[in-house]
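> What follows is coords_7.cif, made up of mmCIF, C-alpha atoms and all ligand atoms:
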data_query
loop_
_atom_site.label_atom_id
_atom_site.label_comp_id
_atom_site.auth_asym_id
_atom_site.auth_seq_id
_atom_site.Cartn_x
_atom_site.Cartn_y
_atom_site.Cartn_z
CA MET A 1 28.27 -43.99 -23.05
CA LYS A 2 28.47 -42.32 -19.66
CA ASN A 3 29.32 -38.89 -20.97
CA LEU A 4 25.85 -37.69 -21.85
CA ALA A 5 26.93 -34.06 -21.90
CA ALA A 6 29.46 -34.76 -24.66
CA LYS A 7 27.04 -36.96 -26.58
CA TYR A 8 24.30 -34.33 -26.67
CA GLY A 9 26.69 -31.40 -26.95
CA ARG A 10 25.35 -29.57 -23.92
CA GLU A 11 25.26 -29.60 -20.14
CA MET A 12 22.69 -31.97 -18.67
CA LEU A 13 20.83 -30.92 -15.53
CA VAL A 14 20.55 -34.51 -14.34
CA LEU A 15 24.32 -35.01 -14.19
CA ARG A 16 26.66 -34.33 -11.33
CA SER A 17 28.77 -32.29 -13.71
CA SER A 18 26.03 -29.63 -13.59
CA LYS A 19 25.41 -29.91 -9.83
CA LYS A 20 28.04 -31.32 -7.52
CA ASP A 21 26.04 -31.68 -4.32
CA ASN A 22 23.33 -34.29 -3.79
CA THR A 23 19.82 -33.02 -4.34
CA VAL A 24 17.89 -33.31 -1.09
CA ILE A 25 14.12 -33.12 -1.44
CA ASN A 26 12.09 -32.07 1.57
CA ILE A 27 8.54 -33.33 1.83
CA LYS A 28 6.67 -32.23 4.95
CA GLY A 29 9.81 -32.43 7.05
CA CYS A 30 11.04 -35.65 5.50
CA ALA A 31 14.27 -35.32 3.51
CA ILE A 32 15.02 -37.69 0.62
CA GLY A 33 18.57 -37.80 -0.70
CA GLY A 34 20.34 -36.75 2.49
CA GLU A 35 22.17 -38.88 5.03
CA GLU A 36 19.02 -40.59 6.23
CA ILE A 37 17.48 -43.49 4.35
CA VAL A 38 13.72 -43.19 3.94
CA VAL A 39 11.31 -46.08 3.72
CA VAL A 40 8.15 -45.73 1.65
CA ALA A 41 5.57 -48.45 2.28
CA GLY A 42 1.95 -49.31 1.69
CA PRO A 43 -0.31 -51.52 -0.38
CA CYS A 44 -0.06 -51.74 -4.15
CA ALA A 45 -3.46 -50.07 -4.47
CA VAL A 46 -5.91 -48.18 -2.30
CA GLU A 47 -8.57 -50.88 -1.81
CA ASN A 48 -10.64 -49.26 0.94
CA GLU A 49 -10.15 -46.96 3.89
CA GLU A 50 -9.93 -49.70 6.53
CA ILE A 51 -7.15 -51.66 4.82
CA LEU A 52 -5.15 -48.54 4.04
CA LYS A 53 -5.51 -47.28 7.59
CA GLU A 54 -4.43 -50.56 9.11
CA THR A 55 -1.46 -50.81 6.75
CA ALA A 56 -0.40 -47.21 7.35
CA PHE A 57 -0.68 -47.59 11.11
CA LYS A 58 1.43 -50.72 11.11
CA VAL A 59 4.15 -49.61 8.69
CA ARG A 60 4.47 -46.28 10.46
CA GLY A 61 4.86 -48.14 13.74
CA SER A 62 7.80 -50.03 12.23
CA GLY A 63 9.46 -46.90 10.85
CA ALA A 64 8.05 -46.17 7.38
CA VAL A 65 7.88 -42.42 6.83
CA ILE A 66 6.02 -42.13 3.51
CA LEU A 67 2.81 -43.93 2.56
CA ARG A 68 2.37 -45.40 -0.92
CA ALA A 69 -0.79 -46.70 -2.64
CA GLY A 70 -2.11 -46.48 -6.19
CA ALA A 71 -5.47 -45.02 -7.16
CA TYR A 72 -4.79 -45.39 -10.91
CA LYS A 73 -3.27 -48.79 -11.56
CA PRO A 74 -1.46 -49.67 -14.80
CA ARG A 75 -2.67 -53.27 -15.07
CA THR A 76 -1.56 -55.61 -17.84
CA SER A 77 -5.15 -56.75 -18.40
CA PRO A 78 -7.95 -54.23 -18.87
CA TYR A 79 -10.18 -56.59 -16.88
CA SER A 80 -8.03 -56.50 -13.73
CA PHE A 81 -8.74 -54.07 -10.86
CA GLN A 82 -7.84 -50.64 -12.19
CA GLY A 83 -7.83 -48.70 -8.93
CA LEU A 84 -10.45 -46.50 -7.28
CA GLY A 85 -9.53 -43.30 -9.11
CA GLU A 86 -10.49 -40.07 -7.37
CA SER A 87 -12.17 -41.77 -4.43
CA GLY A 88 -8.90 -43.66 -3.89
CA LEU A 89 -6.97 -40.38 -3.91
CA LYS A 90 -9.32 -38.98 -1.28
CA ILE A 91 -8.85 -41.99 0.98
CA LEU A 92 -5.08 -41.82 0.53
CA ALA A 93 -4.91 -38.11 1.39
CA LYS A 94 -7.15 -38.62 4.43
CA ILE A 95 -5.12 -41.49 5.87
CA GLY A 96 -1.85 -39.69 5.11
CA GLU A 97 -3.09 -36.72 7.07
CA GLU A 98 -4.36 -38.82 9.97
CA MET A 99 -1.09 -40.72 10.19
CA ASN A 100 1.04 -37.66 9.54
CA MET A 101 2.73 -39.36 6.58
CA PRO A 102 3.34 -37.74 3.18
CA VAL A 103 1.75 -39.81 0.41
CA VAL A 104 2.94 -40.93 -3.03
CA THR A 105 0.70 -42.22 -5.80
CA GLU A 106 0.94 -42.84 -9.53
CA VAL A 107 -0.33 -40.49 -12.20
CA MET A 108 -0.89 -42.29 -15.50
CA ASP A 109 -2.50 -39.62 -17.65
CA THR A 110 -1.49 -36.00 -18.31
CA GLU A 111 -5.14 -35.02 -17.81
CA ASP A 112 -5.09 -36.31 -14.23
CA ILE A 113 -2.03 -34.33 -13.09
CA PRO A 114 -3.97 -31.44 -11.46
CA LEU A 115 -6.27 -33.85 -9.60
CA VAL A 116 -3.50 -36.15 -8.40
CA ALA A 117 -1.37 -33.14 -7.39
CA GLU A 118 -4.27 -31.88 -5.28
CA TYR A 119 -4.20 -35.02 -3.11
CA ALA A 120 -0.64 -36.37 -3.30
CA ASP A 121 2.57 -35.02 -1.82
CA ILE A 122 4.66 -36.89 -4.39
CA LEU A 123 3.53 -37.96 -7.89
CA GLN A 124 4.82 -41.21 -9.30
CA VAL A 125 5.57 -41.96 -12.94
CA GLY A 126 5.23 -45.71 -13.34
CA ALA A 127 7.66 -47.86 -15.28
CA ARG A 128 5.23 -48.11 -18.20
CA ASN A 129 5.13 -44.35 -18.53
CA MET A 130 8.82 -43.55 -18.24
CA HIS A 131 8.89 -42.93 -22.00
CA ASN A 132 5.71 -40.82 -21.98
CA PHE A 133 7.40 -37.55 -22.83
CA ALA A 134 4.17 -35.53 -22.78
CA LEU A 135 3.57 -36.66 -19.19
CA LEU A 136 7.19 -35.93 -18.22
CA ARG A 137 7.05 -32.45 -19.75
CA LYS A 138 3.88 -31.60 -17.85
CA LEU A 139 5.38 -32.89 -14.60
CA GLY A 140 8.29 -30.55 -15.26
CA ARG A 141 5.93 -27.66 -14.74
CA ILE A 142 4.42 -28.63 -11.38
CA ASP A 143 5.74 -27.72 -7.97
CA LYS A 144 5.66 -31.19 -6.42
CA PRO A 145 8.27 -33.94 -6.20
CA VAL A 146 8.11 -36.71 -8.79
CA VAL A 147 9.20 -40.32 -8.34
CA LEU A 148 10.40 -41.50 -11.75
CA LYS A 149 10.47 -45.25 -12.05
CA ARG A 150 12.89 -46.87 -14.46
CA GLY A 151 11.11 -48.14 -17.59
CA LEU A 152 10.48 -51.84 -18.08
CA SER A 153 13.45 -52.22 -20.41
CA ALA A 154 14.99 -48.77 -20.14
CA THR A 155 18.72 -48.26 -20.25
CA ILE A 156 20.31 -46.07 -17.60
CA GLU A 157 20.82 -43.41 -20.27
CA GLU A 158 17.12 -43.43 -21.21
CA TRP A 159 16.16 -43.24 -17.55
CA LEU A 160 18.42 -40.26 -16.90
CA LEU A 161 17.14 -38.52 -20.05
CA ALA A 162 13.56 -39.07 -18.87
CA ALA A 163 14.53 -37.30 -15.63
CA GLU A 164 16.09 -34.56 -17.75
CA TYR A 165 12.68 -33.90 -19.34
CA ILE A 166 11.25 -33.08 -15.90
CA LEU A 167 14.26 -31.06 -14.78
CA ALA A 168 14.35 -29.13 -18.05
CA GLY A 169 10.78 -27.99 -17.43
CA GLY A 170 11.90 -26.37 -14.18
CA ASN A 171 10.93 -29.03 -11.65
CA GLU A 172 14.11 -29.93 -9.78
CA LYS A 173 12.42 -32.35 -7.41
CA VAL A 174 12.98 -35.67 -9.14
CA ILE A 175 13.50 -38.93 -7.25
CA LEU A 176 14.68 -41.87 -9.34
CA CYS A 177 13.39 -45.37 -8.55
CA GLU A 178 15.00 -48.59 -9.75
CA ARG A 179 12.31 -51.29 -9.92
CA GLY A 180 13.94 -54.01 -11.94
CA ILE A 181 14.21 -54.43 -15.69
CA ARG A 182 13.17 -57.14 -18.12
CA THR A 183 15.83 -59.70 -18.86
CA SER A 184 15.80 -63.25 -20.20
CA GLU A 185 15.18 -64.53 -16.64
CA PRO A 186 11.56 -65.67 -16.20
CA TRP A 187 11.63 -66.88 -12.57
CA THR A 188 11.58 -63.40 -11.12
CA ARG A 189 9.13 -60.71 -12.27
CA ASN A 190 12.05 -58.47 -13.22
CA THR A 191 15.79 -58.38 -12.60
CA LEU A 192 16.83 -55.88 -9.96
CA ASP A 193 19.70 -53.85 -11.35
CA LEU A 194 21.61 -52.76 -8.29
CA SER A 195 24.69 -51.79 -10.25
CA ALA A 196 22.46 -49.11 -11.81
CA VAL A 197 21.87 -47.70 -8.34
CA ALA A 198 25.56 -47.35 -7.59
CA LEU A 199 26.27 -46.00 -11.08
CA VAL A 200 23.41 -43.48 -11.07
CA LYS A 201 24.46 -42.24 -7.62
CA GLU A 202 27.85 -41.54 -9.18
CA LEU A 203 26.54 -39.95 -12.39
CA SER A 204 23.65 -37.95 -10.97
CA HIS A 205 22.93 -35.78 -7.94
CA LEU A 206 19.33 -37.00 -7.74
CA PRO A 207 18.08 -39.28 -4.94
CA VAL A 208 17.61 -42.94 -5.87
CA LEU A 209 15.05 -45.29 -4.36
CA VAL A 210 14.80 -49.04 -4.90
CA ASP A 211 11.50 -50.92 -5.16
CA PRO A 212 12.33 -54.56 -4.35
CA SER A 213 8.63 -55.55 -4.60
CA HIS A 214 8.11 -54.93 -8.33
CA ALA A 215 11.75 -55.84 -8.95
CA THR A 216 11.21 -59.43 -7.82
CA GLY A 217 7.47 -60.11 -7.69
CA ILE A 218 8.16 -62.64 -4.94
CA ARG A 219 7.56 -61.91 -1.24
CA ASN A 220 10.53 -63.92 0.04
CA LEU A 221 12.93 -62.03 -2.20
CA VAL A 222 11.82 -58.57 -1.07
CA MET A 223 13.70 -58.57 2.20
CA PRO A 224 17.07 -59.74 0.84
CA MET A 225 16.86 -57.30 -2.07
CA ALA A 226 15.93 -54.42 0.23
CA ARG A 227 18.97 -55.19 2.36
CA ALA A 228 21.17 -55.30 -0.74
CA ALA A 229 19.70 -52.02 -2.00
CA VAL A 230 20.64 -50.19 1.18
CA ALA A 231 24.13 -51.70 0.97
CA ALA A 232 24.37 -50.56 -2.67
CA GLY A 233 23.76 -46.95 -1.67
CA ALA A 234 20.04 -46.39 -2.25
CA ASP A 235 18.57 -43.32 -0.54
CA GLY A 236 15.42 -45.21 0.28
CA ILE A 237 13.27 -48.25 -0.27
CA MET A 238 9.73 -48.41 -1.59
CA VAL A 239 7.96 -51.59 -0.62
CA GLU A 240 4.47 -53.08 -0.87
CA VAL A 241 2.82 -54.18 2.37
CA HIS A 242 -0.67 -55.60 2.84
CA PRO A 243 -2.32 -56.84 6.06
CA ASN A 244 -3.70 -59.85 4.19
CA PRO A 245 -1.60 -60.37 1.04
CA ASP A 246 -3.60 -63.42 -0.09
CA LYS A 247 -6.67 -61.21 -0.38
CA ALA A 248 -4.96 -58.23 -2.04
CA LEU A 249 -6.63 -56.94 -5.23
CA SER A 250 -3.21 -56.52 -6.87
CA ASP A 251 0.35 -57.71 -6.27
CA GLY A 252 -0.42 -59.86 -3.23
CA GLU A 253 2.35 -62.35 -4.16
CA GLN A 254 4.98 -59.70 -3.64
CA SER A 255 3.40 -57.88 -0.69
CA LEU A 256 5.00 -58.22 2.73
CA THR A 257 2.86 -58.74 5.80
CA PRO A 258 3.24 -55.98 8.39
CA ARG A 259 5.21 -58.45 10.52
CA ASP A 260 7.68 -59.23 7.71
CA PHE A 261 7.97 -55.52 7.15
CA SER A 262 8.94 -54.87 10.75
CA LEU A 263 11.59 -57.61 10.57
CA MET A 264 12.94 -56.07 7.38
CA MET A 265 13.17 -52.67 9.05
CA ARG A 266 15.34 -54.06 11.85
CA ASP A 267 17.79 -55.42 9.30
CA LEU A 268 17.81 -52.22 7.26
CA GLU A 269 18.64 -50.24 10.38
CA GLU A 270 21.77 -52.30 10.95
CA ILE A 271 22.83 -52.29 7.32
CA ALA A 272 22.36 -48.53 7.13
CA ARG A 273 24.60 -48.13 10.15
CA ALA A 274 27.25 -50.34 8.56
CA CYS A 275 27.11 -48.01 5.55
CA ARG A 276 27.56 -44.97 7.85
CA ARG A 277 23.95 -43.92 7.30
CA ARG A 278 20.78 -44.32 9.34
CA LEU A 279 17.11 -44.88 8.78
CA ARG A 280 14.90 -41.87 9.21
C1 LIG B 1 3.64 -49.35 -8.52
O1 LIG B 1 4.58 -48.91 -7.86
O2 LIG B 1 2.50 -49.41 -8.08
C2 LIG B 1 3.86 -49.84 -9.89
C3 LIG B 1 2.84 -50.12 -10.70
O3 LIG B 1 5.14 -50.01 -10.20
P1 LIG B 1 5.88 -50.08 -11.64
O4 LIG B 1 5.42 -48.89 -12.41
O5 LIG B 1 7.31 -50.03 -11.24
O6 LIG B 1 5.49 -51.37 -12.25
MN MN B 2 2.09 -53.09 -7.34
#
Would you write out, as structure tokens, the structure that this file holds?


Amino acid sequence: MKNLAAKYGREMLVLRSSKKDNTVINIKGCAIGGEEIVVVAGPCAVENEEILKETAFKVRGSGAVILRAGAYKPRTSPYSFQGLGESGLKILAKIGEEMNMPVVTEVMDTEDIPLVAEYADILQVGARNMHNFALLRKLGRIDKPVVLKRGLSATIEEWLLAAEYILAGGNEKVILCERGIRTSEPWTRNTLDLSAVALVKELSHLPVLVDPSHATGIRNLVMPMARAAVAAGADGIMVEVHPNPDKALSDGEQSLTPRDFSLMMRDLEEIARACRRRLR
């Protein structure tokens, strides 16, 4: 059912039928959704200032323009590292400023929105919260861009309607992020749905990122899936990088080393060119 407007009997802000031109979101001079492909990189979580600084320095040197790192981590087990909370936000904002990179970080709880918005340039809704309509509604009333990850098992329709919640509240700065969905396949963490990227680019005017790290859960698959994502028409890639993945407090198995990241960037540059685009 691609015709959401007919199904719900009204125009939908998320659809191209309500806005023909691509939405381009400007964040501190960095445009997402335009001709240039943006690369967002950083560790899964803020672990400490030194590691974040080293990671930021290295990924920026290879061409990443936005820094990612979680301060509130949605971990499957309550006993796993949950993130540093506000002190993590402070470190993230400080390093972002020092490196001149806008920063993106997850907000898990409606109560934390004002705090996270104080430190972050972009707020992220994680896959587990894509159906948290109270959170989406509140994010519709802030004046900051929101990265909306596709839910663990969300259909494209559910994902677009989640974006509609934010848009309907008056916040037009929504960036979609495909991060893989659950399928019957157990050998990868998730199944990267690249056809969703091409389809959503057709159906919606919003920018679409791809996160090949959470989509696969396996370091060696990140590079090939990032290449494929650019070829499929993604407006950017969000990828986890850690200077010492074996020691990472979360998601080390899927984190690229800075060296792998720089190799990936070289490939993405060429693929972007073949798709008549370029890396920012
Ligand atoms: C993340 O990007 O840090 C994350 C937890 O991703 P997801 O919500 O897609 O699992
Ligand atoms: Mn992670």

> Would you give me, as JSON lines, each residue of chain A having an atom within 9 Å of an atom of ligand LIG 1 (chain B), along with its shortest atom pair and that distance in Å to one decimal, using all atoms listed in the file and sorting by chain and residue number?


{"residue": "A:Pro43", "atom": "CA", "partner": "B:LIG1", "partner_atom": "O2", "distance": 8.5}
{"residue": "A:Cys44", "atom": "CA", "partner": "B:LIG1", "partner_atom": "O2", "distance": 5.2}
{"residue": "A:Ala45", "atom": "CA", "partner": "B:LIG1", "partner_atom": "O2", "distance": 7.0}
{"residue": "A:Arg68", "atom": "CA", "partner": "B:LIG1", "partner_atom": "O1", "distance": 8.1}
{"residue": "A:Ala69", "atom": "CA", "partner": "B:LIG1", "partner_atom": "O2", "distance": 6.9}
{"residue": "A:Gly70", "atom": "CA", "partner": "B:LIG1", "partner_atom": "O2", "distance": 5.8}
{"residue": "A:Tyr72", "atom": "CA", "partner": "B:LIG1", "partner_atom": "O2", "distance": 8.8}
{"residue": "A:Lys73", "atom": "CA", "partner": "B:LIG1", "partner_atom": "C3", "distance": 6.3}
{"residue": "A:Pro74", "atom": "CA", "partner": "B:LIG1", "partner_atom": "C3", "distance": 6.0}
{"residue": "A:Arg75", "atom": "CA", "partner": "B:LIG1", "partner_atom": "C3", "distance": 7.7}
{"residue": "A:Thr105", "atom": "CA", "partner": "B:LIG1", "partner_atom": "O2", "distance": 7.8}
{"residue": "A:Glu106", "atom": "CA", "partner": "B:LIG1", "partner_atom": "O2", "distance": 6.9}
{"residue": "A:Gln124", "atom": "CA", "partner": "B:LIG1", "partner_atom": "O1", "distance": 7.8}
{"residue": "A:Val125", "atom": "CA", "partner": "B:LIG1", "partner_atom": "O4", "distance": 7.0}
{"residue": "A:Gly126", "atom": "CA", "partner": "B:LIG1", "partner_atom": "O4", "distance": 3.3}
{"residue": "A:Ala127", "atom": "CA", "partner": "B:LIG1", "partner_atom": "O4", "distance": 3.8}
{"residue": "A:Arg128", "atom": "CA", "partner": "B:LIG1", "partner_atom": "O4", "distance": 5.8}
{"residue": "A:Asn129", "atom": "CA", "partner": "B:LIG1", "partner_atom": "O4", "distance": 7.6}
{"residue": "A:Met130", "atom": "CA", "partner": "B:LIG1", "partner_atom": "O4", "distance": 8.6}
{"residue": "A:Leu148", "atom": "CA", "partner": "B:LIG1", "partner_atom": "O4", "distance": 8.9}
{"residue": "A:Lys149", "atom": "CA", "partner": "B:LIG1", "partner_atom": "O5", "distance": 5.8}
{"residue": "A:Arg150", "atom": "CA", "partner": "B:LIG1", "partner_atom": "O5", "distance": 7.2}
{"residue": "A:Gly151", "atom": "CA", "partner": "B:LIG1", "partner_atom": "O5", "distance": 7.6}
{"residue": "A:Leu152", "atom": "CA", "partner": "B:LIG1", "partner_atom": "O6", "distance": 7.7}
{"residue": "A:Cys177", "atom": "CA", "partner": "B:LIG1", "partner_atom": "O5", "distance": 8.1}
{"residue": "A:Glu178", "atom": "CA", "partner": "B:LIG1", "partner_atom": "O5", "distance": 8.0}
{"residue": "A:Arg179", "atom": "CA", "partner": "B:LIG1", "partner_atom": "O5", "distance": 5.3}
{"residue": "A:Gly180", "atom": "CA", "partner": "B:LIG1", "partner_atom": "O5", "distance": 7.8}
{"residue": "A:Asp211", "atom": "CA", "partner": "B:LIG1", "partner_atom": "O5", "distance": 7.4}
{"residue": "A:Ser213", "atom": "CA", "partner": "B:LIG1", "partner_atom": "O1", "distance": 8.4}
{"residue": "A:His214", "atom": "CA", "partner": "B:LIG1", "partner_atom": "O5", "distance": 5.8}
{"residue": "A:Ala215", "atom": "CA", "partner": "B:LIG1", "partner_atom": "O5", "distance": 7.7}
{"residue": "A:Met238", "atom": "CA", "partner": "B:LIG1", "partner_atom": "O1", "distance": 8.1}
{"residue": "A:Val239", "atom": "CA", "partner": "B:LIG1", "partner_atom": "O1", "distance": 8.4}
{"residue": "A:Glu240", "atom": "CA", "partner": "B:LIG1", "partner_atom": "O1", "distance": 8.1}
{"residue": "A:Asp251", "atom": "CA", "partner": "B:LIG1", "partner_atom": "O2", "distance": 8.8}

> Go ahead and save the residues from that selection, with C-alpha atoms, as a PDB file, in the coordinates of the input.


ATOM      1  CA  PRO A  43      -0.310 -51.520  -0.380  1.00  0.00           C
ATOM      2  CA  CYS A  44      -0.060 -51.740  -4.150  1.00  0.00           C
ATOM      3  CA  ALA A  45      -3.460 -50.070  -4.470  1.00  0.00           C
ATOM      4  CA  ARG A  68       2.370 -45.400  -0.920  1.00  0.00           C
ATOM      5  CA  ALA A  69      -0.790 -46.700  -2.640  1.00  0.00           C
ATOM      6  CA  GLY A  70      -2.110 -46.480  -6.190  1.00  0.00           C
ATOM      7  CA  TYR A  72      -4.790 -45.390 -10.910  1.00  0.00           C
ATOM      8  CA  LYS A  73      -3.270 -48.790 -11.560  1.00  0.00           C
ATOM      9  CA  PRO A  74      -1.460 -49.670 -14.800  1.00  0.00           C
ATOM     10  CA  ARG A  75      -2.670 -53.270 -15.070  1.00  0.00           C
ATOM     11  CA  THR A 105       0.700 -42.220  -5.800  1.00  0.00           C
ATOM     12  CA  GLU A 106       0.940 -42.840  -9.530  1.00  0.00           C
ATOM     13  CA  GLN A 124       4.820 -41.210  -9.300  1.00  0.00           C
ATOM     14  CA  VAL A 125       5.570 -41.960 -12.940  1.00  0.00           C
ATOM     15  CA  GLY A 126       5.230 -45.710 -13.340  1.00  0.00           C
ATOM     16  CA  ALA A 127       7.660 -47.860 -15.280  1.00  0.00           C
ATOM     17  CA  ARG A 128       5.230 -48.110 -18.200  1.00  0.00           C
ATOM     18  CA  ASN A 129       5.130 -44.350 -18.530  1.00  0.00           C
ATOM     19  CA  MET A 130       8.820 -43.550 -18.240  1.00  0.00           C
ATOM     20  CA  LEU A 148      10.400 -41.500 -11.750  1.00  0.00           C
ATOM     21  CA  LYS A 149      10.470 -45.250 -12.050  1.00  0.00           C
ATOM     22  CA  ARG A 150      12.890 -46.870 -14.460  1.00  0.00           C
ATOM     23  CA  GLY A 151      11.110 -48.140 -17.590  1.00  0.00           C
ATOM     24  CA  LEU A 152      10.480 -51.840 -18.080  1.00  0.00           C
ATOM     25  CA  CYS A 177      13.390 -45.370  -8.550  1.00  0.00           C
ATOM     26  CA  GLU A 178      15.000 -48.590  -9.750  1.00  0.00           C
ATOM     27  CA  ARG A 179      12.310 -51.290  -9.920  1.00  0.00           C
ATOM     28  CA  GLY A 180      13.940 -54.010 -11.940  1.00  0.00           C
ATOM     29  CA  ASP A 211      11.500 -50.920  -5.160  1.00  0.00           C
ATOM     30  CA  SER A 213       8.630 -55.550  -4.600  1.00  0.00           C
ATOM     31  CA  HIS A 214       8.110 -54.930  -8.330  1.00  0.00           C
ATOM     32  CA  ALA A 215      11.750 -55.840  -8.950  1.00  0.00           C
ATOM     33  CA  MET A 238       9.730 -48.410  -1.590  1.00  0.00           C
ATOM     34  CA  VAL A 239       7.960 -51.590  -0.620  1.00  0.00           C
ATOM     35  CA  GLU A 240       4.470 -53.080  -0.870  1.00  0.00           C
ATOM     36  CA  ASP A 251       0.350 -57.710  -6.270  1.00  0.00           C
TER      37      ASP A 251
END

> With all atoms listed in the file as the atoms that count, which of A:Leu249, A:Ala134, A:Leu203, A:Ile113 lies nearest to ligand MN 2 (chain B)?

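Checking each candidate against ligand MN 2 (chain B), we get A:Leu249 as the closest.
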
> Under the rule that only C-alpha atoms are counted, which of A:Met223, A:Glu47, A:Val200, A:Lys53 is the nearest residue to Gly83 of chain A?

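Residue with the minimum atom-to-atom distance to Gly83 of chain A: A:Glu47.
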
> Nearest to Asn26 of chain A: which of A:Ile66, A:Leu89, A:Arg182, A:Arg273 is it, counting all atoms listed in the file?

A:Ile66

> Of the candidates A:Glu172, A:Glu111, A:Glu253, A:Glu54, which shows the shortest atom-to-atom distance to ligand MN 2 (chain B), using only C-alpha atoms and all ligand atoms?

A:Glu253

> When distances are computed from only C-alpha atoms and all ligand atoms, which of A:Ala120, A:Val241, A:Met265, A:Ile181 shows the smallest separation from ligand MN 2 (chain B)?

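For ligand MN 2 (chain B), the nearest of the candidates is A:Val241.
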
> In Å, how far is it from atom CA of Gly42 of chain A to atom CA of Leu84 of chain A?

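Atom CA of Leu84 of chain A lies 15.6 Å from atom CA of Gly42 of chain A.
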
> Considering all atoms listed in the file, state which residue in the set A:Glu157, A:Glu269, A:Glu98, A:Glu118 is at the smallest distance from Glu86 of chain A.

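Selected residue with least distance to Glu86 of chain A: A:Glu118.
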
> Mind pulling up the distance from atom CA of Leu67 of chain A to atom CA of Gly236 of chain A?

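Interatomic distance, atom CA of Gly236 of chain A to atom CA of Leu67 of chain A: 12.9 Å.
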
> Which residues come within 10 Å of Val14 of chain A, counting only C-alpha atoms, excluding same-chain residues fewer than 2 positions away, as number ranges by chain?

A: 4-5, 11-12, 16-19, 160-168, 172, 174, 200, 203-206

> Go ahead and compute the interatomic distance for atom CA of Ala31 of chain A and atom CA of Ile122 of chain A, in Å to one decimal.

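Rounded to one decimal, the two atoms are 12.5 Å apart.
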
> Anything within 6 Å of (16.5, -52.3, 2.0): list those residues as an MDAnalysis selection string, counting all atoms listed in the file and sticking to the file's coordinates.

chainID A and resid 226:227 229:230 237 268

> Fewer than 5 positions away in the same chain doesn't count, so skip those; otherwise give me all residues within 9 Å of Asp121 of chain A, counting all atoms listed in the file, as a list in words.

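Within the cut-off, the hits are Ile27, Lys28, Ala93, Pro102, Val103, Val104, Thr105, Lys144 and Pro145 of chain A.
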
> Enclose the full set of atoms of segment 24-40 of chain A listed in the file within a box whose edges lie along x, y and z, apply 6 Å of padding to each of the six sides, and report centre and edge lengths in Å to one decimal as AutoDock Vina command-line options.


--center_x 14.4 --center_y -39.1 --center_z 2.8 --size_x 27.5 --size_y 26.0 --size_z 20.5

> I need every residue sitting at most 10 Å from the point (3.7, -60.2, -4.3) (coordinates as in the file, only C-alpha atoms considered), written as a ChimeraX atom specification.

/A:44,189,213-214,216-222,240-242,245-246,248,250-256
